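Chemist: Quick one: the structure is below, questions incoming.
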Amino acid sequence: MAITSPENRLWWKERISGPELVWVGVSLIWGLIMFFAMIYWHIEGEQNLSNEAYRITAEQFAEKTEAMVEAYTVREEGDTGIPVVHPPAGSDVYLISRLWEWTPILELEKGQSYRLHLSSLDWQHGFSLQPTNINIQVHPDYELVLTLTPPETGEFSIVCNEYCGVGHHTMVGKIYVVDSK
Amino acid sequence: MSNATFRTCPDTGLKVHLSAQNLIKANAVAAVVFLLIGGALGLMVAMTRWPEVHLLSAEMFYAVLTAHGIDVLLFWIIFFEMAVLYFASAILLNCRLAAPWVAWVGFVLMLAGAVIVNVAVLQGESSVMFTSYVPLRAEPHFYLGIILFAVGALLGCCVFFGTLVIAKDEKSYEGSLPLVTFGALTAAIIAVFTIASGAIILIPTLLWSVGYIEHIDTVTYKVIWWAMGHSSQQINVAAHVAIWYLIAAVLLGAKPLSEKVSRTAFLMYILFLQLASAHHLLAEPGISSEWKVFNTSYALYLAVVGSMIHGLSVPGAVEAAQRARGLTNGLFEWLRKAPWGNPAFSGMFTSLVYFGFLGGISGVVLGTEQINLMMHNTMYVPGHFHATVVAGTTLTFMAVTYLVVPLIFQRDIIFPKIAQWQPYVFGVGVAGISLFMMGAGTLGIARRHWDISFSDAALTFDYPSAAFLMMSLNGIFALLAALGGVMYIVVVVGSILFGKKRDANSPSLIPPQVNPAPASTYGGTGHAKVPGTYALVAIFFVAFVLYYFVNWKYLSEVWPLS
């Protein structure tokens with residue numbers, strides 16, 4: 001039994017039963033299928049996390065964001081006057097995360113692709129785009145660049161889902177998607 | 001050196017080293033104390049995330065959540081695992097425990113560390129979550145407490161290894177290690193890797209928290225921390241699988257279908273599980289997809305194969321033993337007529353089902369590089385790990401306690417009816433928590449989050465009302481799980497204090513038809529036939545495949561990104 005030494009001293013020479021071998025084989029093959037599924041999705045799938053990232057300082061990232069905000073602000077929103085930015089299709093778009101806000105608000109065009117740059121000015125934050133439910137980790141001192149193509153119009157929110165202190169649950173951002181002109 | 005005093009266990013005939021017994025008792029008691037604390041904190045968390053109840057303030061919630069994770073995931077579980085290690089070595093191998101004084105030093109360090117961490121968190125300036133990701137900064141004694149605890153646990157592992165050497169040296173057993181001890185050895189080996197990783201990251205973090213080190217890279221921190229964090233879960237898996245075999249052996253005389261296959265499965269845990277830490281880093285910047293894909297799959301899912309093997313072997317062992325006893329009617333008579341009224345058995349078998357179906361499947365899916373994008377940092381994550389660590393490991397440890405109390409504490413179980421129901425109440429409660437958390441996560445609800453209605457936020461978002469319902473259901477099932485926890489504590493503590501003392505004249509714990517001594521030869525016909533188990537694993541496999549592919553389908557509907 002399992003609490004006593006194996007009765008057959010040469011237990012490693014015992015033959016394995018047929019069905020057990022089949023199950024081991026099935027498990028191994030299933031494991032390979034799951035492994036190659038991820039590789040397949042990188043080739044054929046449309047949802048993959050970018051590998052493009054850079055080291056950056058908070059000041060540098062804030063500067064790049066500020067430049068975009070100055071060039072493309074279309075209005076302001078809310079009591080705190082968050083800028084709403086409508087960058088050109090295909091351009092580099094910057095989103096700052098910091099305790100406890102996402103800024104600016106982005107207005108993107110349906111069906112167009114954008115190079116979205118994510119970084120934090122302080123602590124780690126979680127970029128959780130709802131309701132489509134895309135969740136990406138945002139680090140300070142790192143700039144992640146991914147290509148995003150909104151397929152639908154509407155109002156979308158960015159909930160922070162990486163614990164970042166006592167104001168974590170107040171950290172919400174917004175993305176508008178409008179029809180292309 | 002052998003002034004060691006022993007007693008002979010009247011139920012199993014094993015020689016029990018009294019020092020080992022005392023250490024098992026001390027660690028088991030400490031474990032249950034931290035389960036009580038951590039469990040109560042967990043209930044408070046659930047009552048806060050239940051939107052209609054919203055029990056704690058934001059500050060309290062984040063502190064309590066930090067303490068809850070540490071108290072149960074580190075302290076309850078690892079104290080209990082120390083007891084398991086000492087049992088699997090000295091008791092099962094019929095020898096004396098190596099250097100008990102070292103084990104006591106370890107115990108004191110663990111206890112001191114645990115108290116210090118709890119004090120740090122309750123003081124309010126260390127609400128950094130169990131993961132303590134930099135640049136979140138806790139007070140220095142927070143990190144110190146964890147380090148002390150880890151050092152104490154490492155000493156315990158050393159005592160375990162030393163005991164194996166003594167047993168071999170003094171020839172207290174013949175042939176190979178019993179499978180349960182082999183499983184415990186797997187756990188201890190993984191523990192050494194785990195603790196080393198913890199030291200490598202937490203010592204610098206401690207120095208950073210006092211200002212001695214200026215900066216710690218945030219991605220590097222996570223890579224190393226999770227080498228400790230995930231591997232510690234693999235200690236749990238190896239330990240609870242070993243205990244499944246133990247309970248099956250003691251209660252039913254069950255033998256593994258194939259020692260070779262089961263041991264290889266444990267070996268695969270050691271070889272491949274460490275890589276799995278990568279699945280905590282799938283959504284991070286700055287790490288290549290190649291690294292992520294290879295490691296999250298534990299090298300082509302070889303470690304998952306290990307678990308799937310045990311998923312056949314443990315129920316198969318039960319079935320083989322039952323069929324040998326004459327329960328051969330149909331596919332499932334062996335299961336229907338299993339000792340479901342015995343809480344050690346019911347806890348063990350239900351935990352196996354929950355761990356496999358809820359925990360295992362959700363874990364592999366969650367750890368798929370691209371599917372993870374839909375689930376990272378949502379409530380799906382705690383939904384998954386409550387299925388593995390609570391419905392799996394914790395329920396298993398609760399089950400084996402019903403054997404530890406009579407065999408080690410030598411007390412009869414009081415309130416047998418409560419004991420009988422306890423695994424079911426707790427198990428259903430935890431299964432419910434897990435399912436509804438996963439449901440909430442698929443609807444996008446964030447984890448570690450105090451207010452999903454965003455009432456204090458400048459901009460808001462309306463999660464779907466179904467998501468709120470999920471969090472309420474999570475709350476209700478948390479109450480059930482808490483009830484199951486209270487039942488466990490009452491029965492176990494009550495039995496230790498007030499249970500009837502057992503001695504050589506007490507009725508044996510081992511059912512009469514089970515002969516625990518290795519008398520009969522193994523698998524006379526060559527191999528036991530276990531058709532019921534094959535049916536169960538087939539159902540499991542179908543569920544796995546379907547759920548896995550359905551999630552790729554969901555992913556294809558998400559915004560294109562690259």
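Each chain of the structure tokens is named A, B, ... in the order shown, its residues numbered from 1; ligands are numbered from 1 in display order.
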When DSSP works through the backbone of this structure, what residues of segment 8-95 of chain B end up as alpha helix (DSSP H), shown as an MDAnalysis selection string?

Modeler: chainID B and resid 18:49 58:69 77:86

Chemist: Find the residues around Pro464 of chain B up to 10 Å (only C-alpha atoms counted), leave out those fewer than 4 positions away in its own chain, and share them as a PyMOL selection string.

Modeler: (chain A and resi 131) or (chain B and resi 440+443-445+468-469)

Chemist: Return the single residue from A:Pro104, A:Glu44, A:Ala53, A:Pro88 that is closest to chain B, with distances computed using only C-alpha atoms.

Modeler: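 When distances to chain B are compared using only C-alpha atoms, the smallest one comes from A:Ala53.
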
Chemist: So that each row is one residue of chain A with an atom at most 7 Å from chain B, can you give its shortest atom pair and the distance in Å to one decimal, using only C-alpha atoms, rows by chain and rising number, as JSON lines?

Modeler:
```
{"residue": "A:Met1", "atom": "CA", "partner": "B:Lys255", "partner_atom": "CA", "distance": 4.3}
{"residue": "A:Ala2", "atom": "CA", "partner": "B:Leu179", "partner_atom": "CA", "distance": 4.7}
{"residue": "A:Ile3", "atom": "CA", "partner": "B:Pro178", "partner_atom": "CA", "distance": 5.3}
{"residue": "A:Thr4", "atom": "CA", "partner": "B:Pro178", "partner_atom": "CA", "distance": 4.8}
{"residue": "A:Ser5", "atom": "CA", "partner": "B:Pro178", "partner_atom": "CA", "distance": 4.2}
{"residue": "A:Pro6", "atom": "CA", "partner": "B:Pro178", "partner_atom": "CA", "distance": 6.4}
{"residue": "A:Glu7", "atom": "CA", "partner": "B:Pro518", "partner_atom": "CA", "distance": 6.3}
{"residue": "A:Arg9", "atom": "CA", "partner": "B:Gly175", "partner_atom": "CA", "distance": 5.9}
{"residue": "A:Trp11", "atom": "CA", "partner": "B:Glu259", "partner_atom": "CA", "distance": 6.3}
{"residue": "A:Trp12", "atom": "CA", "partner": "B:Lys260", "partner_atom": "CA", "distance": 5.3}
{"residue": "A:Ile16", "atom": "CA", "partner": "B:Ser258", "partner_atom": "CA", "distance": 6.6}
{"residue": "A:Ser17", "atom": "CA", "partner": "B:His527", "partner_atom": "CA", "distance": 6.0}
{"residue": "A:Val24", "atom": "CA", "partner": "B:Ile309", "partner_atom": "CA", "distance": 6.6}
{"residue": "A:Ser27", "atom": "CA", "partner": "B:Val305", "partner_atom": "CA", "distance": 5.5}
{"residue": "A:Leu28", "atom": "CA", "partner": "B:Val305", "partner_atom": "CA", "distance": 6.2}
{"residue": "A:Gly31", "atom": "CA", "partner": "B:Tyr301", "partner_atom": "CA", "distance": 4.9}
{"residue": "A:Leu32", "atom": "CA", "partner": "B:Leu300", "partner_atom": "CA", "distance": 5.8}
{"residue": "A:Phe35", "atom": "CA", "partner": "B:Leu300", "partner_atom": "CA", "distance": 5.5}
{"residue": "A:Met38", "atom": "CA", "partner": "B:Glu369", "partner_atom": "CA", "distance": 6.7}
{"residue": "A:Glu46", "atom": "CA", "partner": "B:Pro560", "partner_atom": "CA", "distance": 5.1}
{"residue": "A:Gln47", "atom": "CA", "partner": "B:Leu561", "partner_atom": "CA", "distance": 4.9}
{"residue": "A:Asn48", "atom": "CA", "partner": "B:Ser562", "partner_atom": "CA", "distance": 4.8}
{"residue": "A:Leu49", "atom": "CA", "partner": "B:Ser562", "partner_atom": "CA", "distance": 5.3}
{"residue": "A:Ser50", "atom": "CA", "partner": "B:Ser562", "partner_atom": "CA", "distance": 5.0}
{"residue": "A:Asn51", "atom": "CA", "partner": "B:Ser288", "partner_atom": "CA", "distance": 5.6}
{"residue": "A:Ala53", "atom": "CA", "partner": "B:Gly286", "partner_atom": "CA", "distance": 5.2}
{"residue": "A:Trp123", "atom": "CA", "partner": "B:Pro135", "partner_atom": "CA", "distance": 5.8}
{"residue": "A:Gln130", "atom": "CA", "partner": "B:Gly444", "partner_atom": "CA", "distance": 6.7}
{"residue": "A:Pro131", "atom": "CA", "partner": "B:Gly444", "partner_atom": "CA", "distance": 6.8}
{"residue": "A:Thr132", "atom": "CA", "partner": "B:Val558", "partner_atom": "CA", "distance": 5.7}
{"residue": "A:Asn133", "atom": "CA", "partner": "B:Met374", "partner_atom": "CA", "distance": 5.4}
{"residue": "A:Ile134", "atom": "CA", "partner": "B:Met374", "partner_atom": "CA", "distance": 5.1}
{"residue": "A:Asn135", "atom": "CA", "partner": "B:Leu373", "partner_atom": "CA", "distance": 5.1}
{"residue": "A:Ile136", "atom": "CA", "partner": "B:Ala283", "partner_atom": "CA", "distance": 5.1}
{"residue": "A:Gln137", "atom": "CA", "partner": "B:Glu284", "partner_atom": "CA", "distance": 5.2}
{"residue": "A:His139", "atom": "CA", "partner": "B:Thr218", "partner_atom": "CA", "distance": 7.0}
{"residue": "A:Leu144", "atom": "CA", "partner": "B:Pro285", "partner_atom": "CA", "distance": 5.6}
{"residue": "A:Leu146", "atom": "CA", "partner": "B:Ser562", "partner_atom": "CA", "distance": 5.7}
{"residue": "A:Thr147", "atom": "CA", "partner": "B:Ser562", "partner_atom": "CA", "distance": 5.1}
{"residue": "A:Leu148", "atom": "CA", "partner": "B:Leu561", "partner_atom": "CA", "distance": 4.6}
{"residue": "A:Thr149", "atom": "CA", "partner": "B:Pro560", "partner_atom": "CA", "distance": 5.6}
{"residue": "A:Pro150", "atom": "CA", "partner": "B:Trp559", "partner_atom": "CA", "distance": 5.8}
{"residue": "A:Pro151", "atom": "CA", "partner": "B:Trp559", "partner_atom": "CA", "distance": 6.3}
{"residue": "A:Ser157", "atom": "CA", "partner": "B:Phe461", "partner_atom": "CA", "distance": 6.1}
{"residue": "A:Asn161", "atom": "CA", "partner": "B:Ala446", "partner_atom": "CA", "distance": 5.0}
{"residue": "A:Glu162", "atom": "CA", "partner": "B:Asn377", "partner_atom": "CA", "distance": 6.6}
{"residue": "A:Tyr163", "atom": "CA", "partner": "B:Arg448", "partner_atom": "CA", "distance": 6.0}
{"residue": "A:Val166", "atom": "CA", "partner": "B:Glu59", "partner_atom": "CA", "distance": 6.1}
{"residue": "A:His168", "atom": "CA", "partner": "B:His449", "partner_atom": "CA", "distance": 6.9}
{"residue": "A:His169", "atom": "CA", "partner": "B:His449", "partner_atom": "CA", "distance": 5.6}
{"residue": "A:Thr170", "atom": "CA", "partner": "B:Ala457", "partner_atom": "CA", "distance": 4.1}
{"residue": "A:Met171", "atom": "CA", "partner": "B:Ala457", "partner_atom": "CA", "distance": 6.4}
{"residue": "A:Val172", "atom": "CA", "partner": "B:Leu459", "partner_atom": "CA", "distance": 5.8}
{"residue": "A:Gly173", "atom": "CA", "partner": "B:Leu459", "partner_atom": "CA", "distance": 6.5}
```

Chemist: What is the atom CA of Ile43 of chain A to atom CA of His279 of chain B distance in Å?

Modeler: 20.5 Å

Chemist: Out of segment 355-528 of chain B, which residues get strand (DSSP E or B) from DSSP, as a list in words?

Modeler: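 Reading the DSSP output for segment 355-528 of chain B, strand (DSSP E or B) covers Thr378, Arg411, Ala446 and Lys501 of chain B.
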